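**Q** For reference, the file upload_12.pdb (PDB, C-alpha atoms, pLDDT in the B column) is included below:
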```pdb
ATOM      1  CA  MET D1432     -12.204  -2.765  69.722  1.00 45.00           C
ATOM      2  CA  LEU D1433     -11.060  -5.510  72.051  1.00 41.00           C
ATOM      3  CA  ASP D1434     -11.812  -8.127  69.365  1.00 50.00           C
ATOM      4  CA  GLY D1435      -9.658  -6.174  66.913  1.00 49.00           C
ATOM      5  CA  ILE D1436      -6.725  -6.116  69.336  1.00 40.00           C
ATOM      6  CA  VAL D1437      -7.080  -9.851  69.961  1.00 40.00           C
ATOM      7  CA  GLN D1438      -7.086 -10.566  66.214  1.00 49.00           C
ATOM      8  CA  LYS D1439      -3.932  -8.489  65.718  1.00 45.00           C
ATOM      9  CA  LEU D1440      -2.187 -10.317  68.559  1.00 41.00           C
ATOM     10  CA  ARG D1441      -3.161 -13.697  67.072  1.00 48.00           C
ATOM     11  CA  ARG D1442      -1.774 -12.665  63.686  1.00 51.00           C
ATOM     12  CA  LEU D1443       1.509 -11.470  65.202  1.00 42.00           C
ATOM     13  CA  LEU D1444       1.873 -14.789  67.029  1.00 42.00           C
ATOM     14  CA  LEU D1445       1.151 -16.721  63.820  1.00 46.00           C
ATOM     15  CA  LEU D1446       3.728 -14.764  61.797  1.00 43.00           C
ATOM     16  CA  PHE D1447       6.281 -15.221  64.559  1.00 41.00           C
ATOM     17  CA  ALA D1448       5.629 -18.960  64.612  1.00 43.00           C
ATOM     18  CA  MET D1449       5.982 -19.243  60.834  1.00 44.00           C
ATOM     19  CA  ALA D1450       9.176 -17.229  61.001  1.00 40.00           C
ATOM     20  CA  MET D1451      10.587 -19.551  63.662  1.00 41.00           C
ATOM     21  CA  LEU D1452       9.623 -22.574  61.560  1.00 40.00           C
ATOM     22  CA  LEU D1453      11.326 -21.227  58.436  1.00 37.00           C
ATOM     23  CA  VAL D1454      14.387 -19.980  60.319  1.00 34.00           C
ATOM     24  CA  ALA D1455      14.940 -23.472  61.641  1.00 37.00           C
ATOM     25  CA  CYS D1456      14.627 -24.850  58.129  1.00 36.00           C
ATOM     26  CA  ALA D1457      16.888 -22.164  56.646  1.00 33.00           C
ATOM     27  CA  SER D1458      19.608 -22.829  59.169  1.00 32.00           C
ATOM     28  CA  SER D1459      19.807 -26.432  57.995  1.00 32.00           C
ATOM     29  CA  SER D1460      19.609 -25.633  54.276  1.00 30.00           C
ATOM     30  CA  GLY D1461      22.043 -22.709  54.288  1.00 31.00           C
ATOM     31  CA  LYS D1462      19.462 -20.360  52.734  1.00 29.00           C
ATOM     32  CA  ALA D1463      18.152 -17.112  54.151  1.00 28.00           C
ATOM     33  CA  PRO D1464      14.698 -17.452  55.711  1.00 30.00           C
ATOM     34  CA  GLU D1465      11.579 -15.856  54.307  1.00 31.00           C
ATOM     35  CA  VAL D1466       8.948 -14.593  56.692  1.00 28.00           C
ATOM     36  CA  ALA D1467       5.304 -14.585  56.091  1.00 31.00           C
ATOM     37  CA  GLY D1468      -0.675  -9.784  54.253  1.00 34.00           C
ATOM     38  CA  SER D1469      -4.538 -10.669  52.288  1.00 37.00           C
ATOM     39  CA  GLY D1470      -6.832  -9.068  49.779  1.00 42.00           C
ATOM     40  CA  HIS D1471      -6.958  -9.452  46.026  1.00 45.00           C
ATOM     41  CA  ALA D1472      -7.017  -6.770  43.336  1.00 47.00           C
ATOM     42  CA  ALA D1473      -7.787  -7.029  39.636  1.00 76.00           C
ATOM     43  CA  ALA D1474      -4.356  -6.514  38.110  1.00 91.00           C
ATOM     44  CA  SER D1475      -1.827  -8.043  35.736  1.00 95.00           C
ATOM     45  CA  THR D1476       1.545  -8.952  37.234  1.00 97.00           C
ATOM     46  CA  PHE D1477       4.741  -9.740  35.320  1.00 98.00           C
ATOM     47  CA  PHE D1478       8.261 -10.795  36.246  1.00 98.00           C
ATOM     48  CA  PHE D1479      10.603  -9.423  33.587  1.00 98.00           C
ATOM     49  CA  GLU D1480      14.086 -10.836  33.049  1.00 98.00           C
ATOM     50  CA  CYS D1481      16.341  -8.572  30.978  1.00 97.00           C
ATOM     51  CA  GLU D1482      19.279  -8.995  28.630  1.00 96.00           C
ATOM     52  CA  ASP D1483      21.631  -7.277  31.107  1.00 94.00           C
ATOM     53  CA  GLN D1484      20.824 -10.009  33.694  1.00 95.00           C
ATOM     54  CA  SER D1485      18.647  -7.644  35.748  1.00 95.00           C
ATOM     55  CA  SER D1486      15.008  -8.330  36.593  1.00 97.00           C
ATOM     56  CA  PHE D1487      11.995  -6.485  37.939  1.00 97.00           C
ATOM     57  CA  VAL D1488       8.299  -6.901  38.701  1.00 98.00           C
ATOM     58  CA  ALA D1489       5.620  -4.919  36.845  1.00 98.00           C
ATOM     59  CA  ARG D1490       2.047  -4.559  38.097  1.00 98.00           C
ATOM     60  CA  ALA D1491      -0.493  -3.024  35.704  1.00 97.00           C
ATOM     61  CA  GLU D1492      -3.905  -1.856  36.958  1.00 95.00           C
ATOM     62  CA  ASP D1493      -6.344   1.056  36.612  1.00 94.00           C
ATOM     63  CA  GLY D1494      -4.457   2.763  33.778  1.00 96.00           C
ATOM     64  CA  HIS D1495      -1.121   2.744  35.615  1.00 97.00           C
ATOM     65  CA  VAL D1496       1.812   0.412  35.987  1.00 98.00           C
ATOM     66  CA  TRP D1497       3.957  -0.060  39.080  1.00 98.00           C
ATOM     67  CA  LEU D1498       7.581  -0.977  38.366  1.00 98.00           C
ATOM     68  CA  PHE D1499       9.444  -2.557  41.267  1.00 97.00           C
ATOM     69  CA  LEU D1500      13.030  -1.884  40.171  1.00 95.00           C
ATOM     70  CA  GLU D1501      16.266  -2.724  41.991  1.00 91.00           C
ATOM     71  CA  ASP D1502      16.634   0.602  43.765  1.00 90.00           C
ATOM     72  CA  VAL D1503      13.299   2.374  43.325  1.00 94.00           C
ATOM     73  CA  THR D1504       9.576   1.779  42.843  1.00 97.00           C
ATOM     74  CA  VAL D1505       7.841   3.972  40.260  1.00 97.00           C
ATOM     75  CA  ASN D1506       4.240   4.472  39.162  1.00 98.00           C
ATOM     76  CA  LEU D1507       3.717   5.396  35.494  1.00 98.00           C
ATOM     77  CA  PRO D1508       0.468   6.509  33.804  1.00 98.00           C
ATOM     78  CA  ARG D1509      -0.693   4.831  30.614  1.00 97.00           C
ATOM     79  CA  ARG D1510      -0.142   6.740  27.355  1.00 97.00           C
ATOM     80  CA  PRO D1511      -1.641   6.256  23.862  1.00 97.00           C
ATOM     81  CA  SER D1512       0.227   3.705  21.765  1.00 96.00           C
ATOM     82  CA  ALA D1513      -0.214   2.361  18.230  1.00 95.00           C
ATOM     83  CA  SER D1514       0.455  -1.141  19.547  1.00 95.00           C
ATOM     84  CA  GLY D1515       1.135  -2.778  22.879  1.00 96.00           C
ATOM     85  CA  GLU D1516       0.881  -0.995  26.222  1.00 96.00           C
ATOM     86  CA  LYS D1517       2.835   2.223  26.822  1.00 97.00           C
ATOM     87  CA  TYR D1518       3.403   3.887  30.205  1.00 98.00           C
ATOM     88  CA  GLN D1519       5.544   6.991  30.590  1.00 96.00           C
ATOM     89  CA  SER D1520       6.680   9.742  32.965  1.00 96.00           C
ATOM     90  CA  THR D1521       9.388  12.364  32.584  1.00 94.00           C
ATOM     91  CA  ALA D1522      12.015   9.906  33.806  1.00 95.00           C
ATOM     92  CA  TYR D1523      10.798   6.474  32.631  1.00 97.00           C
ATOM     93  CA  LEU D1524       9.307   4.834  29.565  1.00 97.00           C
ATOM     94  CA  PHE D1525       7.856   1.326  29.813  1.00 98.00           C
ATOM     95  CA  TRP D1526       6.366  -0.405  26.768  1.00 97.00           C
ATOM     96  CA  SER D1527       5.150  -3.985  26.650  1.00 97.00           C
ATOM     97  CA  LYS D1528       3.593  -6.279  24.082  1.00 96.00           C
ATOM     98  CA  GLY D1529       2.912  -9.968  24.466  1.00 93.00           C
ATOM     99  CA  GLY D1530       5.601 -11.374  26.713  1.00 95.00           C
ATOM    100  CA  GLY D1531       8.236  -8.748  25.926  1.00 97.00           C
ATOM    101  CA  ALA D1532       8.971  -5.296  27.308  1.00 98.00           C
ATOM    102  CA  LEU D1533      11.213  -2.280  26.818  1.00 97.00           C
ATOM    103  CA  LEU D1534      12.326  -0.081  29.715  1.00 97.00           C
ATOM    104  CA  GLU D1535      14.106   3.242  29.161  1.00 96.00           C
ATOM    105  CA  THR D1536      15.272   5.957  31.572  1.00 90.00           C
ATOM    106  CA  THR D1537      16.289   9.556  30.963  1.00 80.00           C
ATOM    107  CA  GLY D1538      19.876   8.567  31.697  1.00 79.00           C
ATOM    108  CA  GLY D1539      19.902   6.589  28.456  1.00 80.00           C
ATOM    109  CA  LYS D1540      19.708   3.130  30.006  1.00 88.00           C
ATOM    110  CA  ARG D1541      17.662   0.777  27.828  1.00 93.00           C
ATOM    111  CA  ARG D1542      16.595  -2.759  28.692  1.00 95.00           C
ATOM    112  CA  GLN D1543      15.023  -5.445  26.530  1.00 97.00           C
ATOM    113  CA  CYS D1544      13.161  -7.878  28.763  1.00 98.00           C
ATOM    114  CA  ALA D1545      10.942 -10.967  28.641  1.00 98.00           C
ATOM    115  CA  ASN D1546       8.270 -12.086  31.084  1.00 98.00           C
ATOM    116  CA  ASN D1547       8.813 -15.242  33.138  1.00 97.00           C
ATOM    117  CA  PRO D1548       5.237 -16.529  33.682  1.00 96.00           C
ATOM    118  CA  ALA D1549       6.210 -19.040  36.369  1.00 94.00           C
ATOM    119  CA  ARG D1550       7.877 -16.363  38.510  1.00 96.00           C
ATOM    120  CA  ALA D1551       5.055 -13.902  37.791  1.00 97.00           C
ATOM    121  CA  ILE D1552       2.500 -16.189  39.468  1.00 97.00           C
ATOM    122  CA  TRP D1553       4.405 -16.058  42.749  1.00 98.00           C
ATOM    123  CA  GLU D1554       4.888 -12.288  42.545  1.00 98.00           C
ATOM    124  CA  ALA D1555       1.168 -11.801  41.865  1.00 97.00           C
ATOM    125  CA  ALA D1556       0.297 -13.811  44.975  1.00 97.00           C
ATOM    126  CA  ARG D1557       2.756 -11.809  47.068  1.00 97.00           C
ATOM    127  CA  LEU D1558       1.366  -8.473  45.868  1.00 96.00           C
ATOM    128  CA  ASN D1559      -2.171  -9.752  46.479  1.00 95.00           C
ATOM    129  CA  GLY D1560      -1.275 -10.152  50.143  1.00 96.00           C
ATOM    130  CA  VAL D1561      -0.902 -13.943  50.228  1.00 98.00           C
ATOM    131  CA  ASP D1562       1.243 -15.024  53.186  1.00 98.00           C
ATOM    132  CA  PHE D1563       2.193 -18.510  51.994  1.00 98.00           C
ATOM    133  CA  ARG D1564       1.934 -20.355  48.667  1.00 98.00           C
ATOM    134  CA  ALA D1565       2.438 -24.018  47.805  1.00 98.00           C
ATOM    135  CA  VAL D1566       2.350 -26.149  44.655  1.00 98.00           C
ATOM    136  CA  GLY D1567       2.292 -29.844  43.829  1.00 98.00           C
ATOM    137  CA  ASN D1568       2.061 -32.195  40.863  1.00 97.00           C
ATOM    138  CA  GLU D1569       0.343 -35.261  39.412  1.00 92.00           C
ATOM    139  CA  PRO D1570      -2.166 -33.748  39.063  1.00 93.00           C
ATOM    140  CA  GLY D1571      -1.131 -30.132  39.447  1.00 97.00           C
ATOM    141  CA  TRP D1572      -2.468 -28.195  42.446  1.00 98.00           C
ATOM    142  CA  SER D1573      -1.753 -24.916  44.222  1.00 98.00           C
ATOM    143  CA  LEU D1574      -2.620 -23.404  47.565  1.00 98.00           C
ATOM    144  CA  GLU D1575      -2.612 -19.807  48.808  1.00 98.00           C
ATOM    145  CA  LEU D1576      -2.845 -18.946  52.493  1.00 98.00           C
ATOM    146  CA  GLY D1577      -3.745 -15.417  53.581  1.00 98.00           C
ATOM    147  CA  GLU D1578      -4.868 -13.700  56.750  1.00 96.00           C
ATOM    148  CA  ASP D1579      -8.544 -14.308  55.998  1.00 97.00           C
ATOM    149  CA  LEU D1580      -8.683 -16.752  53.079  1.00 98.00           C
ATOM    150  CA  LEU D1581      -7.248 -20.189  52.416  1.00 98.00           C
ATOM    151  CA  ALA D1582      -7.712 -21.169  48.741  1.00 98.00           C
ATOM    152  CA  LEU D1583      -6.894 -24.542  47.197  1.00 98.00           C
ATOM    153  CA  GLU D1584      -7.015 -25.289  43.456  1.00 98.00           C
ATOM    154  CA  THR D1585      -6.771 -28.901  42.321  1.00 98.00           C
ATOM    155  CA  ASP D1586      -6.580 -30.858  39.063  1.00 97.00           C
ATOM    156  CA  TYR D1587      -4.672 -28.158  37.177  1.00 96.00           C
ATOM    157  CA  GLY D1588      -7.086 -25.461  38.331  1.00 96.00           C
ATOM    158  CA  ALA D1589     -10.284 -27.291  37.357  1.00 97.00           C
ATOM    159  CA  SER D1590     -11.610 -27.190  40.944  1.00 97.00           C
ATOM    160  CA  ARG D1591     -11.271 -24.417  43.534  1.00 98.00           C
ATOM    161  CA  TYR D1592     -12.047 -24.617  47.252  1.00 98.00           C
ATOM    162  CA  GLU D1593     -12.110 -21.619  49.588  1.00 98.00           C
ATOM    163  CA  PHE D1594     -12.073 -21.596  53.382  1.00 98.00           C
ATOM    164  CA  ARG D1595     -11.862 -18.935  56.033  1.00 98.00           C
ATOM    165  CA  THR D1596      -8.329 -19.183  57.419  1.00 98.00           C
ATOM    166  CA  PRO D1597      -8.506 -21.164  60.670  1.00 98.00           C
ATOM    167  CA  GLN D1598      -6.331 -20.639  63.694  1.00 97.00           C
ATOM    168  CA  ALA D1599      -2.922 -22.262  63.302  1.00 98.00           C
ATOM    169  CA  ASP D1600      -1.715 -25.061  65.545  1.00 98.00           C
ATOM    170  CA  VAL D1601       2.032 -24.484  65.776  1.00 98.00           C
ATOM    171  CA  ASN D1602       4.647 -26.904  67.117  1.00 98.00           C
ATOM    172  CA  VAL D1603       7.921 -24.979  67.007  1.00 97.00           C
ATOM    173  CA  ASP D1604      10.019 -27.914  68.227  1.00 97.00           C
ATOM    174  CA  ALA D1605       8.707 -30.149  65.420  1.00 97.00           C
ATOM    175  CA  LYS D1606       8.860 -27.271  62.905  1.00 97.00           C
ATOM    176  CA  LEU D1607       5.240 -28.048  62.056  1.00 98.00           C
ATOM    177  CA  THR D1608       2.224 -25.788  61.534  1.00 98.00           C
ATOM    178  CA  ARG D1609      -1.241 -27.323  61.084  1.00 98.00           C
ATOM    179  CA  TYR D1610      -4.545 -25.824  59.900  1.00 98.00           C
ATOM    180  CA  GLN D1611      -7.801 -27.775  60.078  1.00 98.00           C
ATOM    181  CA  VAL D1612     -11.118 -26.457  58.772  1.00 98.00           C
ATOM    182  CA  THR D1613     -14.531 -27.726  57.635  1.00 98.00           C
ATOM    183  CA  GLU D1614     -16.809 -25.498  55.548  1.00 97.00           C
ATOM    184  CA  ASN D1615     -19.670 -26.120  53.121  1.00 92.00           C
ATOM    185  CA  GLY D1616     -19.256 -29.876  53.416  1.00 96.00           C
ATOM    186  CA  GLN D1617     -15.526 -29.708  52.575  1.00 97.00           C
ATOM    187  CA  GLU D1618     -12.850 -30.757  55.055  1.00 98.00           C
ATOM    188  CA  LEU D1619      -9.223 -29.676  54.781  1.00 98.00           C
ATOM    189  CA  LEU D1620      -6.167 -30.484  56.858  1.00 98.00           C
ATOM    190  CA  LEU D1621      -3.083 -28.485  55.928  1.00 98.00           C
ATOM    191  CA  GLU D1622       0.361 -29.285  57.339  1.00 98.00           C
ATOM    192  CA  LEU D1623       3.462 -27.128  56.787  1.00 98.00           C
ATOM    193  CA  LYS D1624       6.712 -28.813  57.760  1.00 98.00           C
ATOM    194  CA  GLY D1625       9.938 -26.835  58.037  1.00 98.00           C
ATOM    195  CA  GLN D1626      11.954 -29.167  55.843  1.00 98.00           C
ATOM    196  CA  ARG D1627      13.704 -28.688  52.524  1.00 98.00           C
ATOM    197  CA  CYS D1628      11.512 -29.791  49.617  1.00 98.00           C
ATOM    198  CA  THR D1629      12.184 -30.233  45.887  1.00 98.00           C
ATOM    199  CA  ASP D1630       9.453 -29.804  43.288  1.00 97.00           C
ATOM    200  CA  THR D1631       9.097 -33.046  41.334  1.00 94.00           C
ATOM    201  CA  MET D1632       8.552 -31.266  38.000  1.00 93.00           C
ATOM    202  CA  SER D1633      10.733 -28.142  38.006  1.00 94.00           C
ATOM    203  CA  GLY D1634      13.451 -29.284  40.393  1.00 95.00           C
ATOM    204  CA  GLU D1635      13.112 -25.997  42.314  1.00 96.00           C
ATOM    205  CA  THR D1636      13.852 -26.207  46.020  1.00 98.00           C
ATOM    206  CA  PHE D1637      11.615 -24.754  48.738  1.00 98.00           C
ATOM    207  CA  PRO D1638      12.052 -24.357  52.509  1.00 98.00           C
ATOM    208  CA  THR D1639       8.738 -26.011  53.418  1.00 98.00           C
ATOM    209  CA  ARG D1640       7.220 -29.430  52.784  1.00 98.00           C
ATOM    210  CA  VAL D1641       3.433 -29.272  52.415  1.00 98.00           C
ATOM    211  CA  SER D1642       0.661 -31.803  52.835  1.00 98.00           C
ATOM    212  CA  ALA D1643      -2.971 -30.897  52.106  1.00 98.00           C
ATOM    213  CA  THR D1644      -5.659 -33.498  52.836  1.00 98.00           C
ATOM    214  CA  LEU D1645      -8.965 -32.557  51.185  1.00 98.00           C
ATOM    215  CA  ASN D1646     -11.876 -34.838  52.050  1.00 98.00           C
ATOM    216  CA  GLY D1647      -9.445 -37.705  52.564  1.00 97.00           C
ATOM    217  CA  ARG D1648      -7.468 -37.042  49.358  1.00 98.00           C
ATOM    218  CA  VAL D1649      -3.820 -36.307  50.135  1.00 98.00           C
ATOM    219  CA  LEU D1650      -1.906 -33.760  48.071  1.00 98.00           C
ATOM    220  CA  ARG D1651       1.828 -33.357  48.635  1.00 98.00           C
ATOM    221  CA  GLY D1652       4.110 -30.576  47.474  1.00 98.00           C
ATOM    222  CA  CYS D1653       6.364 -27.689  48.420  1.00 98.00           C
ATOM    223  CA  GLY D1654       5.911 -24.058  49.399  1.00 98.00           C
ATOM    224  CA  ARG D1655       7.325 -20.904  50.906  1.00 98.00           C
ATOM    225  CA  ALA D1656       6.308 -17.754  52.750  1.00 98.00           C
ATOM    226  CA  LEU D1657       5.974 -14.702  50.504  1.00 97.00           C
ATOM    227  CA  HIS D1658       6.689 -11.877  52.957  1.00 90.00           C
TER     228      HIS D1658
END
```
For the file at hand, write its structure as structure tokens.

**A**
Amino acid sequence: MLDGIVQKLRRLLLLFAMAMLLVACASSSGKAPEVAGSGHAAASTFFFECEDQSSFVARAEDGHVWLFLEDVTVNLPRRPSASGEKYQSTAYLFWSKGGGALLETTGGKRRQCANNPARAIWEAARLNGVDFRAVGNEPGWSLELGEDLLALETDYGASRYEFRTPQADVNVDAKLTRYQVTENGQELLLELKGQRCTDTMSGETFPTRVSATLNGRVLRGCGRALH
């Protein structure tokens, strides 16, 4: 029981430190801070952008779909359909096929939407309980940091390395958080710097500059907290 309390206190301190790091970065970039949950589920996640300029996240699993709409979250059961995937309740109808979707409500509102795969990846990580995600290029790599698992994929996903999440070494004044771990003959040093960062491929800006050194190989990129 005591060990459980200690673990909870450590996690609260880590989240507070990450929040402080990102707040400091946000104050200099003029953007609202994001504060950094873990566990993965077999599910399909989509980020739909609609013709009326609205957007929403859909999460399909176990014969149901969760729709995270602007003002409400709904859970719809799957219904038989001649084509595509159909989910329906008395108030909502959601039908999807390929990368497109149709959303209807009993009030007569109808939306035609298309999935944004790049955004969907980030939403999937967030719903899977990932605290922090980072990406880099040349060659492409990604990293997901959770409460229990730190996963790094390199060379466009060809190689995957998993580590138990180590204790963070946080320097609030330097806006720097470091993780260092060695497992199964693999050594990783991860550094998160509270500094505005621009992705070299997409041009997207992030609040955190990331450096991951795997067995002496340095990978640089950008990331952000997901909670």

**Q** Leaving out D:Glu1535 and any residue of its chain fewer than 6 positions from it, which residues lie within 8 Å of it when counting all atoms listed in the file, given as a list of chain:residue names?

**A**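 Result of the neighbour search: D:Tyr1523, D:Leu1524, D:Phe1525, D:Arg1541, D:Arg1542.
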
**Q** By how many Å are atom CA of D:Val1603 and atom CA of D:Asp1562 apart?

**A**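 Atom CA of D:Asp1562 lies 18.3 Å from atom CA of D:Val1603.
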
**Q** What does the PyMOL selection byres ((chain D and resi 1496-1512) around 12) select in this file, as a PyMOL selection string?

**A** chain D and resi 1474-1481+1484-1495+1513-1528+1532+1534+1536+1554+1558

**Q** Have a look at atom CA of D:Asp1600 and atom CA of D:Val1612 and let me know their distance in Å, one decimal.

**A**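 That distance, rounded to one decimal, is 11.7 Å.
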
**Q** Any chance you could resolve the PyMOL selection byres ((chain D and resi 1587) around 12) against this file and give the residues as a ChimeraX atom specification?

**A** /D:1566-1574,1583-1586,1588-1591

**Q** Name the closest residue to D:Ala1555 among the candidates D:Ala1473, D:Ala1656, D:Leu1650, D:Leu1580; distances are taken between atoms, counting only C-alpha atoms.

**A**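 Once distances to D:Ala1555 are computed over only C-alpha atoms, the minimum belongs to D:Ala1473.
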
**Q** At what distance in Å, to one decimal, does atom CA of D:Ala1545 lie from atom CA of D:Asp1483?

**A**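 Atom-to-atom, atom CA of D:Asp1483 to atom CA of D:Ala1545, that is 11.6 Å.
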
**Q** Smallest atom-to-atom distance to D:Val1641: which of D:Thr1608, D:Thr1537, D:Gln1543, D:Asn1615, using all atoms listed in the file?

**A**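 Closest to D:Val1641 of all the choices is D:Thr1608.
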